[in-house]
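target20.tsv (TSV, C-alpha atoms and all ligand atoms) appears below.
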```
chain	number	residue	atom	x	y	z
A	1	MET	CA	138.35	174.38	156.14
A	2	GLU	CA	135.27	172.59	154.98
A	3	LEU	CA	137.51	170.99	152.36
A	4	PHE	CA	138.73	168.58	154.96
A	5	LYS	CA	135.28	167.67	156.16
A	6	THR	CA	133.20	164.81	154.72
A	7	GLY	CA	130.09	164.60	156.75
A	8	ASP	CA	131.11	163.70	160.25
A	9	TRP	CA	134.50	162.60	159.06
A	10	ASN	CA	137.12	165.30	159.49
A	11	LEU	CA	140.04	164.25	157.34
A	12	LYS	CA	142.37	166.81	158.88
A	13	ALA	CA	141.48	165.71	162.30
A	14	ASP	CA	141.76	162.10	161.21
A	15	LYS	CA	145.16	162.78	159.74
A	16	ILE	CA	146.12	164.41	162.98
A	17	ALA	CA	144.63	161.53	164.83
A	18	PHE	CA	146.58	159.13	162.63
A	19	GLN	CA	149.85	160.97	163.28
A	20	SER	CA	149.22	160.92	167.00
A	21	THR	CA	148.49	157.16	166.84
A	22	GLU	CA	151.84	156.73	165.13
A	23	LYS	CA	153.60	158.72	167.85
A	24	ASN	CA	151.72	156.82	170.54
A	25	ALA	CA	152.73	153.54	168.98
A	26	ALA	CA	156.37	154.62	168.88
A	27	LYS	CA	156.14	155.73	172.51
A	28	LYS	CA	154.52	152.41	173.40
A	29	VAL	CA	157.35	150.49	171.71
A	30	LYS	CA	159.94	152.55	173.58
A	31	LYS	CA	158.08	151.98	176.84
A	32	GLU	CA	157.92	148.25	176.16
A	33	GLN	CA	161.65	148.23	175.42
A	34	ARG	CA	162.37	150.09	178.65
A	35	LYS	CA	160.17	147.66	180.60
A	36	LYS	CA	161.94	144.73	178.95
A	37	LYS	CA	165.34	146.15	179.88
A	38	ILE	CA	164.27	146.68	183.51
A	39	LYS	CA	162.87	143.15	183.63
A	40	GLU	CA	166.07	141.74	182.16
A	41	ARG	CA	168.10	143.60	184.77
A	42	LYS	CA	165.87	142.34	187.61
A	43	ASP	CA	166.01	138.79	186.23
A	44	ALA	CA	169.79	139.01	186.15
A	45	GLN	CA	169.82	140.11	189.81
A	46	ILE	CA	167.48	137.26	190.77
A	47	LYS	CA	169.62	134.77	188.83
A	48	GLN	CA	172.76	136.04	190.57
A	49	ALA	CA	171.17	135.64	194.00
A	50	GLN	CA	169.87	132.18	193.10
A	51	GLU	CA	173.32	131.14	191.96
A	52	GLU	CA	174.73	132.36	195.27
A	53	ASP	CA	172.20	130.26	197.13
A	54	SER	CA	172.48	127.15	195.03
A	55	GLU	CA	176.25	127.20	195.58
A	56	GLU	CA	175.52	126.41	199.20
A	57	SER	CA	172.64	123.94	198.68
A	58	PHE	CA	170.90	124.54	202.00
A	59	SER	CA	167.48	123.28	202.84
A	60	ASP	CA	164.83	125.19	204.74
A	61	ASP	CA	165.56	124.55	208.39
A	62	GLU	CA	167.55	127.14	210.26
A	63	ILE	CA	170.71	125.35	211.26
A	64	GLU	CA	172.40	122.23	210.16
A	65	THR	CA	175.87	120.86	210.30
A	66	ILE	CA	177.80	119.87	207.26
A	67	PRO	CA	179.75	116.67	207.14
A	68	VAL	CA	183.50	116.41	207.21
A	69	VAL	CA	185.28	119.05	205.14
A	70	THR	CA	187.21	117.73	202.18
A	71	GLU	CA	190.95	118.24	201.84
A	72	GLN	CA	190.30	120.24	198.69
A	73	LYS	CA	188.15	122.67	200.62
A	74	VAL	CA	190.75	123.13	203.31
A	75	THR	CA	193.46	123.76	200.74
A	76	LYS	CA	191.22	126.39	199.18
A	77	LYS	CA	190.76	128.05	202.57
A	78	LYS	CA	194.57	128.02	203.07
A	79	GLN	CA	194.55	131.27	201.09
A	80	PRO	CA	191.84	132.94	203.08
A	81	VAL	CA	191.53	135.98	200.87
A	82	ALA	CA	187.86	136.25	200.06
A	83	THR	CA	187.04	137.16	196.49
A	84	LYS	CA	183.36	137.98	196.77
A	85	PRO	CA	182.65	141.72	196.52
A	86	ALA	CA	181.49	143.48	199.66
A	87	ILE	CA	177.84	144.41	199.35
A	88	ALA	CA	177.52	146.64	202.38
A	89	LEU	CA	178.24	149.81	200.40
A	90	GLN	CA	175.56	149.04	197.84
A	91	ALA	CA	173.06	148.73	200.66
A	92	LYS	CA	173.53	152.40	201.44
A	93	ARG	CA	171.86	153.41	198.16
A	94	LYS	CA	168.13	153.94	198.19
A	95	LEU	CA	166.64	150.66	197.08
A	96	THR	CA	163.27	149.60	195.74
A	97	PRO	CA	161.42	146.93	197.77
A	98	LEU	CA	162.50	144.28	195.26
A	99	GLN	CA	166.11	145.42	195.43
A	100	GLN	CA	165.88	145.37	199.23
A	101	LYS	CA	164.65	141.79	199.05
A	102	MET	CA	167.51	140.88	196.76
A	103	MET	CA	170.01	142.63	199.04
A	104	ALA	CA	168.68	140.71	202.04
A	105	LYS	CA	169.12	137.49	200.09
A	106	LEU	CA	172.67	138.42	199.11
A	107	SER	CA	173.57	139.41	202.69
A	108	GLY	CA	172.15	136.09	203.87
A	109	SER	CA	174.36	134.26	201.37
A	110	ARG	CA	177.39	136.31	202.42
A	111	PHE	CA	176.73	135.58	206.10
A	112	ARG	CA	176.46	131.85	205.43
A	113	TRP	CA	179.61	131.93	203.31
A	114	ILE	CA	181.69	133.77	205.96
A	115	ASN	CA	180.28	131.50	208.66
A	116	GLU	CA	181.33	128.42	206.70
A	117	GLN	CA	184.83	129.84	206.24
A	118	LEU	CA	185.26	130.39	209.98
A	119	TYR	CA	184.21	126.82	210.75
A	120	THR	CA	186.39	125.18	208.11
A	121	ILE	CA	189.71	127.00	208.43
A	122	SER	CA	192.27	127.02	211.23
A	123	SER	CA	192.26	129.80	213.82
A	124	GLU	CA	195.48	131.27	212.33
A	125	ASP	CA	193.81	131.53	208.92
A	126	ALA	CA	190.69	133.03	210.49
A	127	LEU	CA	192.75	135.79	212.12
A	128	GLU	CA	194.51	136.41	208.83
A	129	LEU	CA	191.20	136.49	206.94
A	130	ILE	CA	189.62	139.07	209.24
A	131	LYS	CA	192.80	141.15	209.41
A	132	SER	CA	192.94	141.35	205.63
A	133	GLN	CA	189.19	141.91	205.20
A	134	PRO	CA	187.81	143.37	208.44
A	135	GLU	CA	184.45	144.10	206.80
A	136	LEU	CA	183.77	140.34	206.78
A	137	PHE	CA	183.53	140.44	210.56
A	138	ASP	CA	180.80	143.10	210.42
A	139	GLU	CA	178.89	141.26	207.70
A	140	TYR	CA	179.14	138.06	209.73
A	141	HIS	CA	177.85	139.74	212.87
A	142	ASP	CA	174.97	141.46	211.03
A	143	GLY	CA	173.86	137.98	209.93
A	144	PHE	CA	174.56	136.35	213.29
A	145	ARG	CA	172.53	139.03	215.07
A	146	SER	CA	169.48	138.36	212.91
A	147	GLN	CA	169.88	134.59	213.35
A	148	VAL	CA	169.95	134.98	217.12
A	149	LEU	CA	166.73	137.02	217.02
A	150	THR	CA	164.92	133.93	215.71
A	151	TRP	CA	166.12	131.74	218.59
A	152	PRO	CA	163.97	131.17	221.67
A	153	GLU	CA	166.99	131.87	223.86
A	154	ASN	CA	170.46	133.32	223.30
A	155	PRO	CA	173.11	131.24	225.11
A	156	ILE	CA	175.09	134.35	226.03
A	157	ASP	CA	172.08	135.53	228.06
A	158	VAL	CA	172.03	132.20	229.90
A	159	PHE	CA	175.68	132.75	230.89
A	160	ILE	CA	174.95	136.33	231.97
A	161	ASP	CA	171.98	135.12	234.09
A	162	GLN	CA	174.21	132.50	235.63
A	163	ILE	CA	176.81	135.09	236.60
A	164	GLN	CA	174.13	137.29	238.17
A	165	THR	CA	172.51	134.41	240.06
A	166	ARG	CA	175.76	133.00	241.41
A	167	LEU	CA	176.86	136.48	242.47
A	168	LYS	CA	174.18	136.25	245.16
A	169	ARG	CA	176.68	134.03	246.97
A	170	ASN	CA	180.21	134.95	247.93
A	171	ILE	CA	183.07	134.39	245.54
A	172	ASN	CA	184.62	130.94	246.08
A	173	ALA	CA	181.75	129.96	248.43
A	174	PRO	CA	179.72	126.84	247.56
A	175	GLY	CA	177.32	127.82	244.75
A	176	GLY	CA	179.16	131.10	244.24
A	177	LEU	CA	181.38	131.99	241.34
A	178	PRO	CA	185.03	130.93	241.37
A	179	GLY	CA	187.56	133.68	242.01
A	180	LEU	CA	191.33	133.86	242.13
A	181	PRO	CA	192.44	131.87	245.21
A	182	HIS	CA	193.94	134.57	247.42
A	183	SER	CA	192.46	137.84	246.23
A	184	ARG	CA	189.00	136.37	245.43
A	185	LYS	CA	188.97	138.50	242.30
A	186	LEU	CA	186.48	137.45	239.67
A	187	ILE	CA	188.32	137.39	236.35
A	188	ILE	CA	186.37	136.28	233.30
A	189	ALA	CA	187.79	135.67	229.82
A	190	ASP	CA	185.17	135.70	227.06
A	191	MET	CA	186.84	133.86	224.19
A	192	GLY	CA	185.38	134.65	220.74
A	193	CYS	CA	183.27	137.35	222.35
A	194	GLY	CA	181.71	138.73	219.14
A	195	GLU	CA	180.55	142.20	220.13
A	196	ALA	CA	181.50	141.65	223.79
A	197	THR	CA	177.91	141.60	225.02
A	198	LEU	CA	178.87	139.58	228.08
A	199	ALA	CA	181.34	142.27	229.23
A	200	LEU	CA	178.81	145.00	228.52
A	201	LYS	CA	176.02	143.34	230.50
A	202	VAL	CA	178.23	142.28	233.40
A	203	ASN	CA	179.61	145.85	233.61
A	204	ASN	CA	176.06	147.23	233.61
A	205	PHE	CA	175.04	144.75	236.30
A	206	PHE	CA	177.86	145.89	238.56
A	207	LYS	CA	177.07	149.55	237.83
A	208	GLN	CA	173.49	148.96	238.97
A	209	ASN	CA	174.60	147.05	242.10
A	210	LYS	CA	176.86	149.52	243.84
A	211	ARG	CA	177.08	147.38	246.99
A	212	LEU	CA	178.34	144.43	244.95
A	213	LYS	CA	180.78	146.66	243.08
A	214	LYS	CA	182.31	147.75	246.38
A	215	LYS	CA	182.55	144.16	247.59
A	216	ILE	CA	183.87	142.38	244.51
A	217	GLU	CA	186.82	143.16	242.31
A	218	TYR	CA	186.17	141.91	238.84
A	219	LYS	CA	187.29	142.16	235.22
A	220	VAL	CA	185.96	140.75	231.95
A	221	HIS	CA	188.52	140.23	229.17
A	222	SER	CA	186.93	139.97	225.74
A	223	PHE	CA	188.84	138.42	222.82
A	224	ASP	CA	187.92	138.23	219.16
A	225	LEU	CA	189.29	138.65	215.65
A	226	LYS	CA	188.25	142.31	215.29
A	227	ARG	CA	188.06	145.17	217.75
A	228	VAL	CA	184.59	146.49	217.04
A	229	ASN	CA	184.44	148.26	220.38
A	230	GLU	CA	186.76	149.29	223.18
A	231	ARG	CA	186.00	146.21	225.29
A	232	ILE	CA	187.61	143.89	222.77
A	233	THR	CA	191.22	142.75	222.46
A	234	VAL	CA	192.18	141.26	219.10
A	235	ALA	CA	193.64	137.79	219.54
A	236	ASP	CA	193.46	134.30	218.18
A	237	ILE	CA	191.94	132.52	221.16
A	238	LYS	CA	194.47	129.74	220.94
A	239	ASN	CA	196.95	132.29	222.25
A	240	VAL	CA	195.61	135.18	224.33
A	241	PRO	CA	197.75	137.86	226.00
A	242	LEU	CA	197.06	136.75	229.59
A	243	PRO	CA	199.42	135.18	232.15
A	244	ASP	CA	199.08	131.57	233.36
A	245	GLU	CA	196.35	130.98	235.98
A	246	SER	CA	195.10	134.56	235.77
A	247	CYS	CA	191.38	133.87	235.17
A	248	SER	CA	188.67	132.26	237.23
A	249	ILE	CA	186.08	131.69	234.47
A	250	VAL	CA	186.66	131.12	230.75
A	251	VAL	CA	183.61	131.34	228.47
A	252	PHE	CA	183.24	129.95	224.95
A	253	CYS	CA	179.80	130.89	223.72
A	254	LEU	CA	179.38	129.32	220.25
A	255	ALA	CA	183.04	130.21	219.73
A	256	LEU	CA	184.69	126.85	219.03
A	257	MET	CA	184.89	127.74	215.36
A	258	GLY	CA	188.43	127.05	214.11
A	259	THR	CA	189.22	123.49	213.04
A	260	ASN	CA	191.87	123.40	215.80
A	261	PHE	CA	189.43	124.34	218.58
A	262	LEU	CA	191.03	121.95	221.10
A	263	ASP	CA	193.93	124.43	221.11
A	264	PHE	CA	191.44	126.98	222.52
A	265	ILE	CA	190.56	124.54	225.29
A	266	LYS	CA	194.26	124.05	226.09
A	267	GLU	CA	194.66	127.83	226.22
A	268	ALA	CA	191.73	128.01	228.63
A	269	TYR	CA	193.46	125.43	230.83
A	270	ARG	CA	196.63	127.53	230.83
A	271	ILE	CA	194.96	130.80	231.84
A	272	LEU	CA	192.58	129.26	234.39
A	273	THR	CA	193.40	129.21	238.06
A	274	PRO	CA	192.95	125.83	239.81
A	275	ARG	CA	189.21	125.42	240.61
A	276	GLY	CA	188.52	127.91	237.83
A	277	GLU	CA	185.64	127.02	235.52
A	278	ILE	CA	185.22	126.74	231.79
A	279	TRP	CA	181.73	127.35	230.39
A	280	ILE	CA	180.91	126.25	226.87
A	281	ALA	CA	177.76	126.56	224.77
A	282	GLU	CA	177.59	124.86	221.41
A	283	ILE	CA	174.90	124.22	218.81
A	284	LYS	CA	173.48	120.73	219.38
A	285	SER	CA	173.73	119.59	215.80
A	286	ARG	CA	177.52	119.99	215.90
A	287	PHE	CA	177.92	116.88	218.03
A	288	ALA	CA	178.39	113.81	215.88
A	289	ASP	CA	176.98	111.62	218.68
A	290	GLY	CA	174.10	114.08	219.30
A	291	LYS	CA	174.88	114.39	223.04
A	292	GLY	CA	178.46	115.55	223.18
A	293	ASP	CA	179.83	112.60	225.19
A	294	GLU	CA	182.88	112.32	222.93
A	295	PHE	CA	183.43	116.06	223.31
A	296	VAL	CA	183.23	115.80	227.11
A	297	ASN	CA	185.70	112.93	227.03
A	298	ALA	CA	188.17	114.97	224.94
A	299	LEU	CA	188.05	117.80	227.50
A	300	LYS	CA	188.61	115.34	230.32
A	301	LEU	CA	191.65	114.00	228.49
A	302	LEU	CA	192.94	117.59	228.29
A	303	GLY	CA	192.79	117.74	232.09
A	304	PHE	CA	189.38	119.22	232.91
A	305	PHE	CA	186.92	117.71	235.37
A	306	HIS	CA	183.36	117.58	234.12
A	307	LYS	CA	180.84	119.40	236.31
A	308	ASN	CA	177.62	119.58	234.34
A	309	THR	CA	175.99	119.20	230.94
A	310	ASP	CA	172.71	121.01	230.33
A	311	ASP	CA	170.94	119.97	227.17
A	312	SER	CA	167.50	121.23	228.14
A	313	ASN	CA	167.62	123.84	225.37
A	314	LYS	CA	166.39	122.78	221.92
A	315	MET	CA	169.17	124.54	220.03
A	316	PHE	CA	172.34	124.38	222.10
A	317	THR	CA	174.03	122.39	224.87
A	318	ARG	CA	175.92	123.98	227.73
A	319	PHE	CA	178.87	122.38	229.49
A	320	GLU	CA	180.70	123.26	232.67
A	321	PHE	CA	184.11	121.91	233.62
A	322	PHE	CA	186.67	122.95	236.18
A	323	LYS	CA	190.43	122.85	236.34
A	324	PRO	CA	191.34	120.48	239.19
A	325	PRO	CA	193.65	121.78	241.90
A	326	GLU	CA	196.80	119.81	242.73
A	327	ASP	CA	195.27	117.83	245.66
A	328	ILE	CA	192.24	116.60	243.67
A	329	LEU	CA	194.48	115.73	240.74
A	330	LYS	CA	196.77	113.62	242.96
A	331	GLU	CA	193.74	111.85	244.40
A	332	ARG	CA	192.43	111.09	240.91
A	333	ILE	CA	195.79	109.72	239.75
A	334	ALA	CA	196.01	107.51	242.85
A	335	LYS	CA	192.48	106.21	242.20
A	336	LEU	CA	193.29	105.43	238.58
A	337	GLU	CA	196.48	103.65	239.62
A	338	ARG	CA	194.61	101.57	242.21
A	339	ARG	CA	192.20	100.50	239.47
A	340	GLN	CA	195.15	99.96	237.12
A	341	LYS	CA	193.59	102.42	234.71
A	342	PHE	CA	196.27	105.09	234.75
A	343	ILE	CA	198.13	103.68	231.74
A	344	GLU	CA	194.82	103.32	229.91
A	345	VAL	CA	194.05	107.02	230.34
A	346	GLN	CA	197.57	108.04	229.33
A	347	THR	CA	197.21	105.94	226.18
A	348	GLU	CA	193.85	107.57	225.41
A	349	LYS	CA	195.50	110.99	225.73
A	350	GLU	CA	198.19	109.98	223.27
A	351	GLN	CA	195.58	108.58	220.91
A	352	LEU	CA	193.70	111.86	220.98
A	353	GLU	CA	196.84	113.78	219.97
A	354	THR	CA	197.67	111.25	217.24
A	355	LYS	CA	194.14	111.55	215.88
A	356	ARG	CA	194.39	115.35	215.89
A	357	LYS	CA	197.64	115.18	213.93
A	358	LYS	CA	195.96	113.08	211.26
A	359	ALA	CA	192.88	115.28	210.98
A	360	ALA	CA	191.94	118.46	212.82
A	361	GLU	CA	189.22	117.97	215.43
A	362	GLY	CA	186.96	120.33	213.47
A	363	LYS	CA	186.60	117.44	211.04
A	364	TRP	CA	185.52	114.74	213.44
A	365	LEU	CA	184.80	115.93	216.99
A	366	LEU	CA	182.50	118.88	216.28
A	367	LYS	CA	180.95	119.37	212.86
A	368	PRO	CA	180.86	122.88	211.37
A	369	CYS	CA	177.62	124.70	212.10
A	370	ILE	CA	175.91	125.79	208.93
A	371	TYR	CA	172.98	128.18	208.92
A	372	LYS	CA	170.45	127.33	206.27
A	373	ARG	CA	168.66	129.68	203.91
A	374	ARG	CA	165.37	130.83	205.40
A	401	LIG	C1	179.11	132.65	216.76
A	401	LIG	S1	180.04	134.01	217.24
A	401	LIG	C2	179.54	134.14	218.94
A	401	LIG	C3	179.90	135.45	219.55
A	401	LIG	C4	179.62	135.58	221.04
A	401	LIG	N1	180.36	134.62	221.81
A	401	LIG	C5	178.14	135.45	221.29
A	401	LIG	O1	177.71	134.39	221.76
A	401	LIG	O2	177.41	136.42	221.04
A	401	LIG	C6	181.65	133.34	217.36
A	401	LIG	C7	182.74	134.35	217.50
A	401	LIG	O3	183.98	133.67	217.67
A	401	LIG	C8	184.96	134.41	217.02
A	401	LIG	N2	186.12	133.56	216.74
A	401	LIG	C9	186.16	132.45	215.98
A	401	LIG	N3	187.41	131.96	215.94
A	401	LIG	C10	188.17	132.78	216.69
A	401	LIG	C11	189.57	132.81	217.02
A	401	LIG	N4	190.42	131.90	216.58
A	401	LIG	N5	190.01	133.80	217.82
A	401	LIG	C12	189.15	134.76	218.27
A	401	LIG	N6	187.84	134.77	218.00
A	401	LIG	C13	187.35	133.80	217.20
A	401	LIG	C14	184.27	134.90	215.76
A	401	LIG	O4	184.93	135.99	215.18
A	401	LIG	C15	182.90	135.24	216.29
A	401	LIG	O5	182.83	136.59	216.68
```
Could you write out this structure as structure tokens?
Ligand SMILES: C[S@@+](CC[C@H](N)C(=O)[O-])C[C@H]1O[C@@H](n2cnc3c(N)ncnc32)[C@H](O)[C@@H]1O
Amino acid sequence: MELFKTGDWNLKADKIAFQSTEKNAAKKVKKEQRKKKIKERKDAQIKQAQEEDSEESFSDDEIETIPVVTEQKVTKKKQPVATKPAIALQAKRKLTPLQQKMMAKLSGSRFRWINEQLYTISSEDALELIKSQPELFDEYHDGFRSQVLTWPENPIDVFIDQIQTRLKRNINAPGGLPGLPHSRKLIIADMGCGEATLALKVNNFFKQNKRLKKKIEYKVHSFDLKRVNERITVADIKNVPLPDESCSIVVFCLALMGTNFLDFIKEAYRILTPRGEIWIAEIKSRFADGKGDEFVNALKLLGFFHKNTDDSNKMFTRFEFFKPPEDILKERIAKLERRQKFIEVQTEKEQLETKRKKAAEGKWLLKPCIYKRR
């Protein structure tokens, strides 16, 4: 054994030590290679997410509107079959914090992409899109829900508060909610209801107020592109399965999404009873003139009387209109004729329809609402 020993230097041990250094070096190389591979994979994921984001070129604020949609874009949306892979299933796997961050980024991109589709295609195409890929609706609402959480106020809650406050007065009484003329039934249609939160909260309110429930007959109809719960009826809101004059309030809460949204307003007019009200909330930045005067004028030309505009909220504006009953309508026509303005108004109505034929109102009256990357 001493053969291998030279003073303090143990050759055998050194040899062994040398071999182990060799092994360690090999291990180290393998480890480095593994690390490199992992890094390459992560870089590829980051690059993919960045590409997704740069496609949409958003800046840092939360919401913006995009300018007029090009013909090319609309043609593309004419075949509303989305090609991006669904990422919801991947989310079910256990993810590292970095992967979770990447997934959040991808979901954000998906949400913004679906949102843009819904604002830049017609309502018929939107129904087709969600029917063929129902998971898009869920992905959209996951994103919408987290957007709403960042807002100081959710417009749907303002509408719910308004219903509760006005229920302190009798139906059809001054300051009270409008009801059907003879039965005084309160019939609400929530158009583009999302997850039908309005119906849920109004139902809960009545459940908690037994006295009110005994006194008032009510019903909330909720329409959207997918039936995510039993309160919802699937329908394109330009054509809902309700008879003429069967509702007393029609609500559009951030729901004027299709490029043909004035068709939704016409549908509201059809289903509303005279003196029935239409309540609309829309994101402020959608109005080309900032205030929504042109929008109000369009609704007036479609037959509604303007009641109120509330733009006290930083993010959205609320509008209230009512459908005039026969006597008020006659009075208005007589007034216009006296002022020799009747023909003028009729011409404006025709001009609106001509303009709509040339380009859908989603291209000039309300801009699409685009949520920016945060
Ligand atoms: C921004 S979300 C708002 C949802 C709900 N009103 C709220 O405030 O929580 C707009 C909703 O309108 C629906 N929508 C858009 N176009 C529609 C159409 N043509 N028919 C039915 N629903 C539509 C979308 O599917 C989406 O659920």
Students should find that CA of Val220 (chain A) and CA of Ala235 (chain A) are spaced 14.9 Å
Name the closest residue to Ile156 (chain A) among the candidates A:Ile121, A:Leu329, A:Ala255, A:Ala26; distances are taken between atoms, counting only C-alpha atoms.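 Closest candidate: A:Ala255.
Counting only C-alpha atoms, the residue from A:Ala359, A:Ile280, A:Met315, A:Leu302 that sits nearest to Pro152 (chain A) is A:Met315.
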Which residues form the shell of 6 Å around ligand LIG 401 (chain A) when you count only C-alpha atoms and all ligand atoms, given as a list of chain:residue names?
->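 If we count only C-alpha atoms and all ligand atoms, the neighbours of ligand LIG 401 (chain A) turn out to be A:Ser123, A:Ile156, A:Gly192, A:Cys193, A:Gly194, A:Phe223, A:Asp224, A:Leu225, A:Ala235, A:Asp236, A:Ile237, A:Cys253, A:Leu254, A:Ala255, A:Met257, A:Gly258.
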Deliver the residues from the most recent selection as a file, using C-alpha atoms, as a CSV table (one decimal), in the coordinates of the input.
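What landed in again29.csv:
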```csv
chain,number,residue,atom,x,y,z
A,123,SER,CA,192.3,129.8,213.8
A,156,ILE,CA,175.1,134.4,226.0
A,192,GLY,CA,185.4,134.6,220.7
A,193,CYS,CA,183.3,137.4,222.4
A,194,GLY,CA,181.7,138.7,219.1
A,223,PHE,CA,188.8,138.4,222.8
A,224,ASP,CA,187.9,138.2,219.2
A,225,LEU,CA,189.3,138.6,215.6
A,235,ALA,CA,193.6,137.8,219.5
A,236,ASP,CA,193.5,134.3,218.2
A,237,ILE,CA,191.9,132.5,221.2
A,253,CYS,CA,179.8,130.9,223.7
A,254,LEU,CA,179.4,129.3,220.2
A,255,ALA,CA,183.0,130.2,219.7
A,257,MET,CA,184.9,127.7,215.4
A,258,GLY,CA,188.4,127.0,214.1
```
Need to verify the contact set: Leu212 (chain A), 12 Å, only C-alpha atoms, exclusion of same-chain residues closer than 4 positions in sequence. Can you return it as a list in words?
Gln164, Leu167, Lys168, Arg169, Asn170, Ile171, Leu186, Val202, Asn203, Asn204, Phe205, Phe206, Lys207, Gln208, Ile216, Glu217 and Tyr218 of chain A
Here CA of Met102 (chain A) and CA of His141 (chain A) stand apart by 19.2 Å
Here is a test: counting all atoms listed in the file, which residue of A:Ala25, A:Lys36, A:Trp113, A:Leu365 is nearest to Thr259 (chain A)?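 For Thr259 (chain A), the nearest of the given residues is A:Leu365.
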Exercise. For Ile160 (chain A), which of A:Val148, A:Ile232, A:Ile187, A:Ala199 is the closest residue, counting only C-alpha atoms?
Worked result: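 Result for the nearest residue to Ile160 (chain A): A:Ala199.
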Which residue, A:Leu198, A:Leu95, A:Ile328, A:Met191, has the smallest gap to Ile265 (chain A) when you use all atoms listed in the file?
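Closest to Ile265 (chain A) of all the choices is A:Met191.
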Taking every listed atom of region 99-104 of chain A and adding 8 Å to each side, what centre and edge lengths in Å (one decimal) does the axis-aligned box have, as lines of an AutoDock Vina configuration file?
```
center_x = 167.3
center_y = 143.1
center_z = 198.7
size_x = 21.4
size_y = 20.7
size_z = 22.6
```
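Checking A:Thr317, A:Asn308, A:Gln99, A:Asn229 one by one against Ala281 (chain A), counting only C-alpha atoms, you find the shortest gap at A:Thr317.
CA of Asn260 (chain A) is found 22.7 Å from CA of Gly276 (chain A).
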List the spatial neighbours of region 175-183 of chain A as a ChimeraX atom specification - criterion: any atom at most 12 Å away, all atoms listed in the file, same-chain residues fewer than 6 positions off excluded. /A:159,162-169,215-219,244-250,271-279,321-323,325
Exercise for the section: Tell me which protein, DNA and RNA residues are within 12 Å of Phe137 (chain A), counting only C-alpha atoms, leaving out same-chain ones fewer than 6 positions away, and put them as a PyMOL selection string. Expected result: chain A and resi 86+88+110-111+113-115+117-118+126-131+143-145+192+194-195+224-228
**Request:** For the point (174.9, 120.7, 230.4) in the file's frame, write as a PyMOL selection string all residues with an atom no more than 7 Å away, counting all atoms listed in the file.
**Result:** chain A and resi 308-311+317-320
